[in-house]
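Next up, data.cif (mmCIF, C-alpha atoms):
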```cif
data_protein
loop_
_atom_site.group_PDB
_atom_site.id
_atom_site.type_symbol
_atom_site.label_atom_id
_atom_site.label_comp_id
_atom_site.auth_asym_id
_atom_site.auth_seq_id
_atom_site.Cartn_x
_atom_site.Cartn_y
_atom_site.Cartn_z
ATOM 1 C CA MET Q 66 -3.497 -9.902 40.866
ATOM 2 C CA HIS Q 67 -0.180 -8.898 42.449
ATOM 3 C CA THR Q 68 1.280 -12.326 41.587
ATOM 4 C CA ASN Q 69 0.252 -11.965 37.932
ATOM 5 C CA ASN Q 70 1.885 -8.544 37.726
ATOM 6 C CA LEU Q 71 5.128 -9.936 39.148
ATOM 7 C CA SER Q 72 5.018 -12.828 36.690
ATOM 8 C CA ASN Q 73 4.449 -10.478 33.745
ATOM 9 C CA GLN Q 74 7.287 -8.233 34.888
ATOM 10 C CA LYS Q 75 9.649 -11.206 35.134
ATOM 11 C CA THR Q 76 8.726 -12.191 31.570
ATOM 12 C CA ILE Q 77 9.386 -8.656 30.324
ATOM 13 C CA ASN Q 78 12.677 -8.489 32.223
ATOM 14 C CA SER Q 79 13.836 -11.808 30.780
ATOM 15 C CA ILE Q 80 13.063 -10.582 27.249
ATOM 16 C CA VAL Q 81 14.872 -7.285 27.768
ATOM 17 C CA ASP Q 82 17.913 -8.975 29.331
ATOM 18 C CA THR Q 83 18.265 -11.514 26.504
ATOM 19 C CA PRO Q 84 20.906 -10.467 23.926
ATOM 20 C CA LEU Q 85 19.266 -9.330 20.687
ATOM 21 C CA LYS Q 86 21.124 -11.848 18.529
ATOM 22 C CA TYR Q 87 19.411 -14.633 20.449
ATOM 23 C CA ARG Q 88 16.000 -12.976 20.574
ATOM 24 C CA GLY Q 89 15.478 -12.460 16.840
ATOM 25 C CA ARG Q 90 14.217 -9.374 15.104
ATOM 26 C CA LEU Q 91 11.319 -8.307 12.893
ATOM 27 C CA THR Q 92 11.387 -5.257 10.649
ATOM 28 C CA VAL Q 93 8.178 -4.412 8.809
ATOM 29 C CA VAL Q 94 9.093 -2.629 5.567
ATOM 30 C CA GLY Q 95 7.014 -0.668 3.072
ATOM 31 C CA ALA Q 96 7.886 -1.556 -0.529
ATOM 32 C CA GLY Q 97 6.017 1.359 -2.117
ATOM 33 C CA PRO Q 98 3.281 1.180 -4.766
ATOM 34 C CA GLY Q 99 4.995 -0.955 -7.422
ATOM 35 C CA ASP Q 100 7.610 1.053 -9.302
ATOM 36 C CA VAL Q 101 10.918 -0.362 -8.018
ATOM 37 C CA GLU Q 102 12.396 3.136 -7.757
ATOM 38 C CA LEU Q 103 9.705 4.202 -5.294
ATOM 39 C CA ILE Q 104 11.318 2.541 -2.302
ATOM 40 C CA THR Q 105 13.346 4.287 0.381
ATOM 41 C CA LEU Q 106 17.083 3.951 0.946
ATOM 42 C CA LYS Q 107 16.353 2.771 4.475
ATOM 43 C CA ALA Q 108 14.158 -0.006 3.103
ATOM 44 C CA ILE Q 109 16.913 -1.147 0.736
ATOM 45 C CA ARG Q 110 19.485 -1.226 3.535
ATOM 46 C CA THR Q 111 17.079 -3.211 5.681
ATOM 47 C CA LEU Q 112 16.575 -5.775 2.905
ATOM 48 C CA GLU Q 113 20.326 -6.096 2.539
ATOM 49 C CA SER Q 114 20.594 -7.054 6.211
ATOM 50 C CA ALA Q 115 17.740 -9.590 6.132
ATOM 51 C CA ASP Q 116 18.134 -13.276 6.920
ATOM 52 C CA VAL Q 117 14.545 -14.039 5.886
ATOM 53 C CA VAL Q 118 12.087 -11.999 3.779
ATOM 54 C CA LEU Q 119 8.352 -12.680 3.916
ATOM 55 C CA TYR Q 120 6.778 -10.798 1.011
ATOM 56 C CA ASP Q 121 3.271 -10.085 -0.264
ATOM 57 C CA ALA Q 122 1.675 -10.326 -3.716
ATOM 58 C CA LEU Q 123 1.683 -6.547 -4.293
ATOM 59 C CA VAL Q 124 5.455 -6.336 -3.821
ATOM 60 C CA ASN Q 125 7.506 -5.916 -7.000
ATOM 61 C CA GLU Q 126 9.713 -9.002 -6.932
ATOM 62 C CA GLU Q 127 12.638 -7.076 -8.427
ATOM 63 C CA LEU Q 128 13.101 -5.628 -4.940
ATOM 64 C CA LEU Q 129 14.001 -9.077 -3.626
ATOM 65 C CA GLU Q 130 17.340 -8.756 -5.422
ATOM 66 C CA PHE Q 131 18.460 -6.469 -2.588
ATOM 67 C CA ALA Q 132 18.046 -9.357 -0.128
ATOM 68 C CA LYS Q 133 20.981 -11.329 -1.531
ATOM 69 C CA ASN Q 134 21.624 -13.431 1.558
ATOM 70 C CA ALA Q 135 18.046 -14.035 2.655
ATOM 71 C CA GLU Q 136 15.592 -16.892 2.483
ATOM 72 C CA LEU Q 137 12.625 -15.629 0.418
ATOM 73 C CA ILE Q 138 9.120 -16.780 1.337
ATOM 74 C CA PHE Q 139 5.965 -15.684 -0.515
ATOM 75 C CA VAL Q 140 3.112 -15.227 1.958
ATOM 76 C CA GLY Q 141 0.689 -13.187 -0.150
ATOM 77 C CA LYS Q 142 -2.711 -13.677 -1.692
ATOM 78 C CA ARG Q 143 -3.359 -14.106 -5.412
ATOM 79 C CA LYS Q 144 -6.847 -14.318 -6.944
ATOM 80 C CA GLY Q 145 -8.395 -15.048 -3.559
ATOM 81 C CA CYS Q 146 -5.957 -17.860 -2.726
ATOM 82 C CA TYR Q 147 -3.873 -17.443 0.404
ATOM 83 C CA ALA Q 148 -0.342 -18.856 0.558
ATOM 84 C CA TYR Q 149 -0.619 -18.485 4.345
ATOM 85 C CA GLN Q 150 -3.384 -17.356 6.666
ATOM 86 C CA GLN Q 151 -2.542 -14.397 8.913
ATOM 87 C CA GLU Q 152 -2.141 -16.589 11.988
ATOM 88 C CA GLN Q 153 0.346 -18.735 10.090
ATOM 89 C CA ILE Q 154 2.284 -15.656 8.986
ATOM 90 C CA ASN Q 155 2.514 -14.491 12.593
ATOM 91 C CA GLU Q 156 3.878 -17.868 13.670
ATOM 92 C CA LEU Q 157 6.285 -17.946 10.727
ATOM 93 C CA ILE Q 158 7.677 -14.545 11.694
ATOM 94 C CA VAL Q 159 8.418 -15.723 15.228
ATOM 95 C CA SER Q 160 9.832 -19.132 14.298
ATOM 96 C CA ARG Q 161 12.097 -17.783 11.529
ATOM 97 C CA ALA Q 162 13.292 -14.865 13.650
ATOM 98 C CA LYS Q 163 14.269 -17.181 16.502
ATOM 99 C CA SER Q 164 15.990 -19.671 14.199
ATOM 100 C CA ALA Q 165 17.523 -17.360 11.573
ATOM 101 C CA GLY Q 166 17.803 -13.887 13.109
ATOM 102 C CA HIS Q 167 16.456 -10.909 11.174
ATOM 103 C CA VAL Q 168 13.061 -11.297 9.481
ATOM 104 C CA VAL Q 169 11.904 -8.578 7.082
ATOM 105 C CA ARG Q 170 8.175 -8.449 6.425
ATOM 106 C CA LEU Q 171 7.939 -6.733 3.039
ATOM 107 C CA LYS Q 172 4.563 -5.209 2.234
ATOM 108 C CA GLY Q 173 3.253 -3.167 -0.693
ATOM 109 C CA GLY Q 174 2.722 0.560 -0.177
ATOM 110 C CA ASP Q 175 2.968 1.570 3.467
ATOM 111 C CA PRO Q 176 2.530 -1.207 6.070
ATOM 112 C CA PHE Q 177 0.481 1.026 8.373
ATOM 113 C CA VAL Q 178 -2.113 1.893 5.701
ATOM 114 C CA PHE Q 179 -4.392 -1.160 5.658
ATOM 115 C CA GLY Q 180 -1.296 -3.359 5.731
ATOM 116 C CA ARG Q 181 -1.675 -5.070 9.134
ATOM 117 C CA GLY Q 182 1.916 -4.142 9.886
ATOM 118 C CA SER Q 183 1.134 -3.003 13.418
ATOM 119 C CA GLU Q 184 -0.657 -6.268 14.189
ATOM 120 C CA GLU Q 185 2.369 -8.314 13.156
ATOM 121 C CA MET Q 186 4.708 -6.111 15.167
ATOM 122 C CA GLU Q 187 2.546 -6.478 18.268
ATOM 123 C CA TYR Q 188 2.454 -10.252 17.878
ATOM 124 C CA ALA Q 189 6.221 -10.446 17.374
ATOM 125 C CA ALA Q 190 6.920 -8.215 20.371
ATOM 126 C CA SER Q 191 4.651 -10.327 22.571
ATOM 127 C CA HIS Q 192 6.857 -13.313 21.690
ATOM 128 C CA GLY Q 193 10.060 -11.580 22.662
ATOM 129 C CA LEU Q 194 11.262 -10.244 19.304
ATOM 130 C CA GLU Q 195 12.857 -6.875 18.740
ATOM 131 C CA VAL Q 196 10.598 -4.955 16.319
ATOM 132 C CA ALA Q 197 11.047 -2.000 13.973
ATOM 133 C CA MET Q 198 9.202 -0.394 11.080
ATOM 134 C CA VAL Q 199 10.353 1.306 7.868
ATOM 135 C CA PRO Q 200 7.552 3.377 6.292
ATOM 136 C CA GLY Q 201 6.765 3.081 2.600
ATOM 137 C CA ILE Q 202 5.264 5.384 -0.026
ATOM 138 C CA SER Q 203 1.536 4.748 0.198
ATOM 139 C CA SER Q 204 -0.308 3.802 -2.981
ATOM 140 C CA SER Q 205 -3.228 5.947 -1.795
ATOM 141 C CA LEU Q 206 -1.201 9.078 -2.578
ATOM 142 C CA SER Q 207 1.452 8.009 -5.080
ATOM 143 C CA VAL Q 208 -0.768 6.142 -7.549
ATOM 144 C CA PRO Q 209 -3.060 9.148 -8.150
ATOM 145 C CA ALA Q 210 0.024 11.394 -8.296
ATOM 146 C CA TYR Q 211 1.565 9.254 -11.050
ATOM 147 C CA GLN Q 212 -1.581 9.927 -13.067
ATOM 148 C CA ASN Q 213 -1.360 13.681 -12.383
ATOM 149 C CA ILE Q 214 -4.240 13.602 -9.898
ATOM 150 C CA PRO Q 215 -3.558 15.649 -6.746
ATOM 151 C CA VAL Q 216 -5.578 14.464 -3.759
ATOM 152 C CA THR Q 217 -5.776 18.083 -2.555
ATOM 153 C CA LYS Q 218 -5.769 21.294 -4.578
ATOM 154 C CA ARG Q 219 -6.553 24.802 -3.479
ATOM 155 C CA GLY Q 220 -10.051 25.694 -4.626
ATOM 156 C CA SER Q 221 -11.019 22.083 -5.354
ATOM 157 C CA SER Q 222 -10.346 19.952 -2.289
ATOM 158 C CA GLU Q 223 -9.279 20.905 1.217
ATOM 159 C CA SER Q 224 -8.933 17.344 2.513
ATOM 160 C CA PHE Q 225 -9.017 13.705 1.527
ATOM 161 C CA TRP Q 226 -10.313 10.409 2.864
ATOM 162 C CA VAL Q 227 -8.455 7.119 2.479
ATOM 163 C CA ILE Q 228 -10.899 4.278 3.066
ATOM 164 C CA THR Q 229 -10.846 0.512 2.750
ATOM 165 C CA GLY Q 230 -13.567 -0.604 0.384
ATOM 166 C CA THR Q 231 -13.919 -3.992 2.058
ATOM 167 C CA THR Q 232 -13.928 -4.518 5.818
ATOM 168 C CA LYS Q 233 -12.903 -7.713 7.611
ATOM 169 C CA GLU Q 234 -16.594 -8.691 7.491
ATOM 170 C CA HIS Q 235 -16.339 -8.397 3.661
ATOM 171 C CA LYS Q 236 -18.738 -5.441 3.654
ATOM 172 C CA LEU Q 237 -18.388 -1.922 2.284
ATOM 173 C CA SER Q 238 -16.993 0.404 4.931
ATOM 174 C CA ALA Q 239 -19.633 2.679 6.479
ATOM 175 C CA ASP Q 240 -17.143 5.535 6.138
ATOM 176 C CA VAL Q 241 -17.754 5.600 2.377
ATOM 177 C CA ALA Q 242 -21.300 6.852 2.983
ATOM 178 C CA LEU Q 243 -19.949 9.586 5.264
ATOM 179 C CA ALA Q 244 -17.259 10.549 2.757
ATOM 180 C CA ALA Q 245 -19.850 10.797 -0.032
ATOM 181 C CA LYS Q 246 -21.521 13.628 1.885
ATOM 182 C CA SER Q 247 -18.322 15.677 2.059
ATOM 183 C CA SER Q 248 -16.501 17.853 -0.479
ATOM 184 C CA ALA Q 249 -13.248 15.973 0.158
ATOM 185 C CA THR Q 250 -11.371 13.783 -2.297
ATOM 186 C CA VAL Q 251 -12.209 10.142 -1.594
ATOM 187 C CA VAL Q 252 -9.573 7.457 -2.182
ATOM 188 C CA ILE Q 253 -10.839 3.896 -1.822
ATOM 189 C CA LEU Q 254 -8.516 0.899 -1.633
ATOM 190 C CA MET Q 255 -9.697 -2.677 -2.168
ATOM 191 C CA GLY Q 256 -13.068 -1.442 -3.374
ATOM 192 C CA MET Q 257 -13.524 -2.797 -6.900
ATOM 193 C CA SER Q 258 -15.910 -5.557 -5.842
ATOM 194 C CA LYS Q 259 -18.054 -2.898 -4.148
ATOM 195 C CA LEU Q 260 -18.019 -0.393 -7.023
ATOM 196 C CA PRO Q 261 -21.785 -0.619 -7.793
ATOM 197 C CA GLN Q 262 -22.561 0.103 -4.110
ATOM 198 C CA ILE Q 263 -20.119 3.008 -4.066
ATOM 199 C CA VAL Q 264 -21.705 4.464 -7.194
ATOM 200 C CA GLU Q 265 -25.186 4.264 -5.675
ATOM 201 C CA LEU Q 266 -24.053 6.049 -2.500
ATOM 202 C CA PHE Q 267 -22.620 8.973 -4.465
ATOM 203 C CA LYS Q 268 -25.655 9.125 -6.737
ATOM 204 C CA GLY Q 269 -27.810 9.284 -3.625
ATOM 205 C CA GLU Q 270 -25.926 12.427 -2.625
ATOM 206 C CA GLY Q 271 -26.664 14.038 -6.006
ATOM 207 C CA LYS Q 272 -23.145 13.461 -7.323
ATOM 208 C CA ALA Q 273 -23.811 11.521 -10.523
ATOM 209 C CA ASP Q 274 -21.590 13.983 -12.437
ATOM 210 C CA MET Q 275 -18.704 13.794 -9.974
ATOM 211 C CA PRO Q 276 -15.390 12.858 -11.685
ATOM 212 C CA ILE Q 277 -13.910 9.479 -10.799
ATOM 213 C CA ALA Q 278 -10.750 7.647 -11.813
ATOM 214 C CA ILE Q 279 -9.816 4.007 -11.376
ATOM 215 C CA ILE Q 280 -6.151 3.046 -11.634
ATOM 216 C CA GLN Q 281 -5.146 -0.606 -11.884
ATOM 217 C CA ASN Q 282 -1.542 -1.720 -11.208
ATOM 218 C CA GLY Q 283 -0.583 1.854 -10.411
ATOM 219 C CA THR Q 284 3.010 3.001 -11.183
ATOM 220 C CA ARG Q 285 3.818 -0.310 -12.921
ATOM 221 C CA ASP Q 286 4.486 -1.003 -16.596
ATOM 222 C CA ASN Q 287 1.071 -2.686 -16.945
ATOM 223 C CA GLU Q 288 -0.859 0.225 -15.415
ATOM 224 C CA LYS Q 289 -4.396 0.782 -16.728
ATOM 225 C CA VAL Q 290 -6.631 3.791 -16.149
ATOM 226 C CA GLY Q 291 -10.305 4.551 -16.508
ATOM 227 C CA VAL Q 292 -11.663 8.103 -16.075
ATOM 228 C CA ALA Q 293 -15.366 8.895 -16.082
ATOM 229 C CA THR Q 294 -18.163 10.233 -13.896
ATOM 230 C CA ILE Q 295 -19.987 8.415 -11.137
ATOM 231 C CA ASP Q 296 -22.843 7.888 -13.581
ATOM 232 C CA THR Q 297 -20.703 6.242 -16.284
ATOM 233 C CA ILE Q 298 -17.803 4.570 -14.449
ATOM 234 C CA VAL Q 299 -19.308 1.068 -14.306
ATOM 235 C CA ASP Q 300 -19.552 1.014 -18.126
ATOM 236 C CA VAL Q 301 -15.970 2.275 -18.439
ATOM 237 C CA VAL Q 302 -14.696 -0.406 -16.077
ATOM 238 C CA GLU Q 303 -16.421 -3.068 -18.164
ATOM 239 C CA LYS Q 304 -15.130 -1.615 -21.435
ATOM 240 C CA GLU Q 305 -11.522 -1.239 -20.215
ATOM 241 C CA LYS Q 306 -11.654 -4.534 -18.282
ATOM 242 C CA LEU Q 307 -10.385 -2.915 -15.088
ATOM 243 C CA SER Q 308 -10.029 -5.093 -12.000
ATOM 244 C CA ASN Q 309 -7.980 -5.540 -8.834
ATOM 245 C CA PRO Q 310 -5.477 -4.452 -7.722
ATOM 246 C CA ALA Q 311 -6.898 -0.982 -8.308
ATOM 247 C CA ILE Q 312 -7.457 2.313 -6.545
ATOM 248 C CA ILE Q 313 -10.610 4.422 -6.835
ATOM 249 C CA ILE Q 314 -10.299 8.229 -6.690
ATOM 250 C CA ILE Q 315 -13.454 10.344 -6.499
ATOM 251 C CA GLY Q 316 -13.523 14.130 -6.512
ATOM 252 C CA GLU Q 317 -13.164 17.359 -8.453
ATOM 253 C CA VAL Q 318 -9.364 16.929 -8.419
ATOM 254 C CA VAL Q 319 -9.699 14.248 -11.116
ATOM 255 C CA LYS Q 320 -10.535 17.070 -13.553
ATOM 256 C CA HIS Q 321 -7.027 18.465 -13.157
ATOM 257 C CA ARG Q 322 -5.425 15.313 -14.596
ATOM 258 C CA ASP Q 323 -5.525 16.397 -18.248
ATOM 259 C CA ALA Q 324 -4.182 19.901 -17.571
ATOM 260 C CA LEU Q 325 -1.285 18.597 -15.482
ATOM 261 C CA ALA Q 326 -0.518 15.886 -18.024
ATOM 262 C CA GLU Q 327 -0.409 18.505 -20.797
ATOM 263 C CA ALA Q 328 1.925 20.683 -18.713
ATOM 264 C CA SER Q 329 4.214 17.687 -18.172
ATOM 265 C CA ASN Q 330 4.195 16.887 -21.896
ATOM 266 C CA GLN Q 331 5.067 20.468 -22.795
ATOM 267 C CA TYR Q 332 7.937 20.406 -20.321
ATOM 268 C CA SER Q 333 9.246 17.151 -21.811
ATOM 269 C CA LYS Q 334 9.016 18.515 -25.363
ATOM 270 C CA GLU Q 335 10.911 21.654 -24.341
ATOM 271 C CA ASN Q 336 13.673 19.582 -22.747
ATOM 272 C CA VAL Q 337 13.999 17.546 -25.947
ATOM 273 C CA ARG Q 338 14.176 20.742 -28.036
ATOM 274 C CA LEU Q 339 16.856 22.266 -25.791
ATOM 275 C CA SER Q 340 18.909 19.096 -25.807
ATOM 276 C CA LYS Q 341 18.888 19.109 -29.628
ATOM 277 C CA VAL Q 342 19.882 22.782 -29.736
ATOM 278 C CA GLY Q 343 22.786 22.146 -27.376
ATOM 279 C CA SER Q 344 24.022 18.973 -29.030
ATOM 280 C CA ILE Q 345 27.126 18.804 -31.250
ATOM 281 C CA GLU Q 346 26.667 16.832 -34.446
#
```
Go through the file and emit its structure as structure tokens.
Amino acid sequence: MHTNNLSNQKTINSIVDTPLKYRGRLTVVGAGPGDVELITLKAIRTLESADVVLYDALVNEELLEFAKNAELIFVGKRKGCYAYQQEQINELIVSRAKSAGHVVRLKGGDPFVFGRGSEEMEYAASHGLEVAMVPGISSSLSVPAYQNIPVTKRGSSESFWVITGTTKEHKLSADVALAAKSSATVVILMGMSKLPQIVELFKGEGKADMPIAIIQNGTRDNEKVGVATIDTIVDVVEKEKLSNPAIIIIGEVVKHRDALAEASNQYSKENVRLSKVGSIE
């Protein structure tokens, strides 16, 4: 046991003592929910310093323009087809970092919200890479916000759940059943294939009239929205042809969408009126 500890310490020491430019580096970066303007300055600067960028399907490819000197590799999943399996991505991170230098792993939303960013960082660190993380704006909060849905509002919701709709066993998360019993806002990611099960859970809690919104391609130009109740949402999804990638928001806060949208419209109209009044013809 003592020998193993000494061996491990020697490995750690050799990693620490190796100059960073020879060790390679991984930075996991959050790209935000889709709108290219919803990315942080730190993320942009990190992309500009990248030698290699490994990016996912939910990343807006316009952001790749910031990585002018980098090799760009798509490693995402589209329509159930994987460009790379996770184990292959891990190996690609290490091999490219050691051969090229700075690898940026660009992920949609925030990499620590169902993004497996921490797993990739742990793997990279175990292979001697320097690791860092740049948070992103999570789709779980920003996508509802873009549709004037607050996840909390005094008098309506004191808390919110953010849950994965599909676990690694491809089953509905057990937390959805727990969340259905609460008065909290429930935000479900990757849950469209489980929508009928979700509906039945909420109906079982006597919440057939609970408001629900589904937002596909949130914050993007091709965004689509369906608003209904638990009892009618499946029909709305079929009518509007809503599918992944989409976010499900369940709770009384969905009712505030129309009022907030109207307030925003009134504000915009007033700005237009004032700009006309102040203009010189």
Hits from the PyMOL selection byres ((chain Q and resi 205) around 8), listed as a short mmCIF file (atom, residue, chain, number, x, y, z; two decimals) with C-alpha atoms, in the coordinates of the input:
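What follows is the written file part.cif:
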```cif
data_model
loop_
_atom_site.label_atom_id
_atom_site.label_comp_id
_atom_site.auth_asym_id
_atom_site.auth_seq_id
_atom_site.Cartn_x
_atom_site.Cartn_y
_atom_site.Cartn_z
CA SER Q 203 1.54 4.75 0.20
CA SER Q 204 -0.31 3.80 -2.98
CA LEU Q 206 -1.20 9.08 -2.58
CA SER Q 207 1.45 8.01 -5.08
CA VAL Q 208 -0.77 6.14 -7.55
CA PRO Q 209 -3.06 9.15 -8.15
CA VAL Q 227 -8.46 7.12 2.48
CA VAL Q 252 -9.57 7.46 -2.18
CA ILE Q 253 -10.84 3.90 -1.82
CA LEU Q 254 -8.52 0.90 -1.63
CA ILE Q 312 -7.46 2.31 -6.54
#
```
### Task
Could you give me, as a list in words, the residues within 8 Å of Q:Ala273, counting only C-alpha atoms and dropping anything in the same chain fewer than 2 positions from it?
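My reading of the contact set: Phe267, Lys268, Gly271, Met275, Thr294, Ile295 and Asp296 of chain Q.
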#### Entry: One-decimal distance in Å that lies between atom CA of Q:Gly256 and atom CA of Q:Met198
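Pair atom CA of Q:Met198 / atom CA of Q:Gly256 returns 26.6 Å.
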### Task
Can you pull out every residue within 9 Å of Q:Leu119, counting all atoms listed in the file, but drop anything in the same chain fewer than 2 positions away, and send it as a PyMOL selection string?
chain Q and resi 117+121+136-141+154+157-158+168-172
## Note on the structure
Taken to one decimal, the atom CA of Q:Gln281-atom CA of Q:Leu307 distance is 6.6 Å
### Message
Evaluate the PyMOL selection byres ((chain Q and resi 284-293) around 8) against this structure - the residues, as a list in words, please.
### Response
Pro98, Gly99, Asp100, Val208, Tyr211, Pro276, Ile277, Ala278, Ile279, Ile280, Gln281, Asn282, Gly283, Thr294, Ile295, Asp296, Thr297, Ile298, Val301, Val302, Glu305 and Leu307 of chain Q
### Query
Quick one: which residues end up in the PyMOL selection byres ((chain Q and resi 249) around 7) for this structure, as a list of chain:residue names?
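Here the PyMOL selection byres ((chain Q and resi 249) around 7) matches Q:Ser222, Q:Glu223, Q:Ser224, Q:Phe225, Q:Trp226, Q:Ser247, Q:Ser248, Q:Thr250, Q:Val251, Q:Gly316.
Coordinates place atom CA of Q:Arg110 at a distance of 21.3 Å from atom CA of Q:Ala189.
For the choices Q:Ser191, Q:Thr111, Q:Gln212, Q:Asn134, the atom-to-atom distance to Q:Val319 is smallest for Q:Gln212 when using all atoms listed in the file.
Among the candidates Q:Ile313, Q:Pro215, Q:Thr232, Q:Ala244, the residue lying nearest to Q:Leu260 is Q:Ile313 (atoms considered: all atoms listed in the file).
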Save C-alpha atoms of stretch 100-123 of chain Q from the block above as a compact mmCIF listing (two decimals), in the first residue's frame.
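Result written to selection-v8.txt:
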```txt
# COMPACT_ATOMS: atom_id res chain seq x y z
CA ASP Q 100 -28.34 32.89 -29.59
CA VAL Q 101 -24.75 33.82 -30.53
CA GLU Q 102 -24.91 36.93 -28.34
CA LEU Q 103 -25.57 34.83 -25.23
CA ILE Q 104 -21.96 33.81 -24.74
CA THR Q 105 -19.55 35.32 -22.24
CA LEU Q 106 -16.54 37.48 -23.04
CA LYS Q 107 -14.35 34.95 -21.25
CA ALA Q 108 -15.66 32.20 -23.53
CA ILE Q 109 -14.86 34.26 -26.63
CA ARG Q 110 -11.32 34.96 -25.43
CA THR Q 111 -10.85 31.27 -24.71
CA LEU Q 112 -11.98 30.34 -28.23
CA GLU Q 113 -9.55 32.86 -29.66
CA SER Q 114 -6.68 31.10 -27.88
CA ALA Q 115 -7.71 27.58 -28.94
CA ASP Q 116 -5.56 25.26 -31.03
CA VAL Q 117 -8.35 22.69 -31.33
CA VAL Q 118 -12.12 23.04 -30.74
CA LEU Q 119 -14.30 19.98 -30.16
CA TYR Q 120 -17.91 21.14 -30.45
CA ASP Q 121 -21.36 19.63 -29.93
CA ALA Q 122 -24.53 19.65 -32.04
CA LEU Q 123 -26.32 22.22 -29.85
```
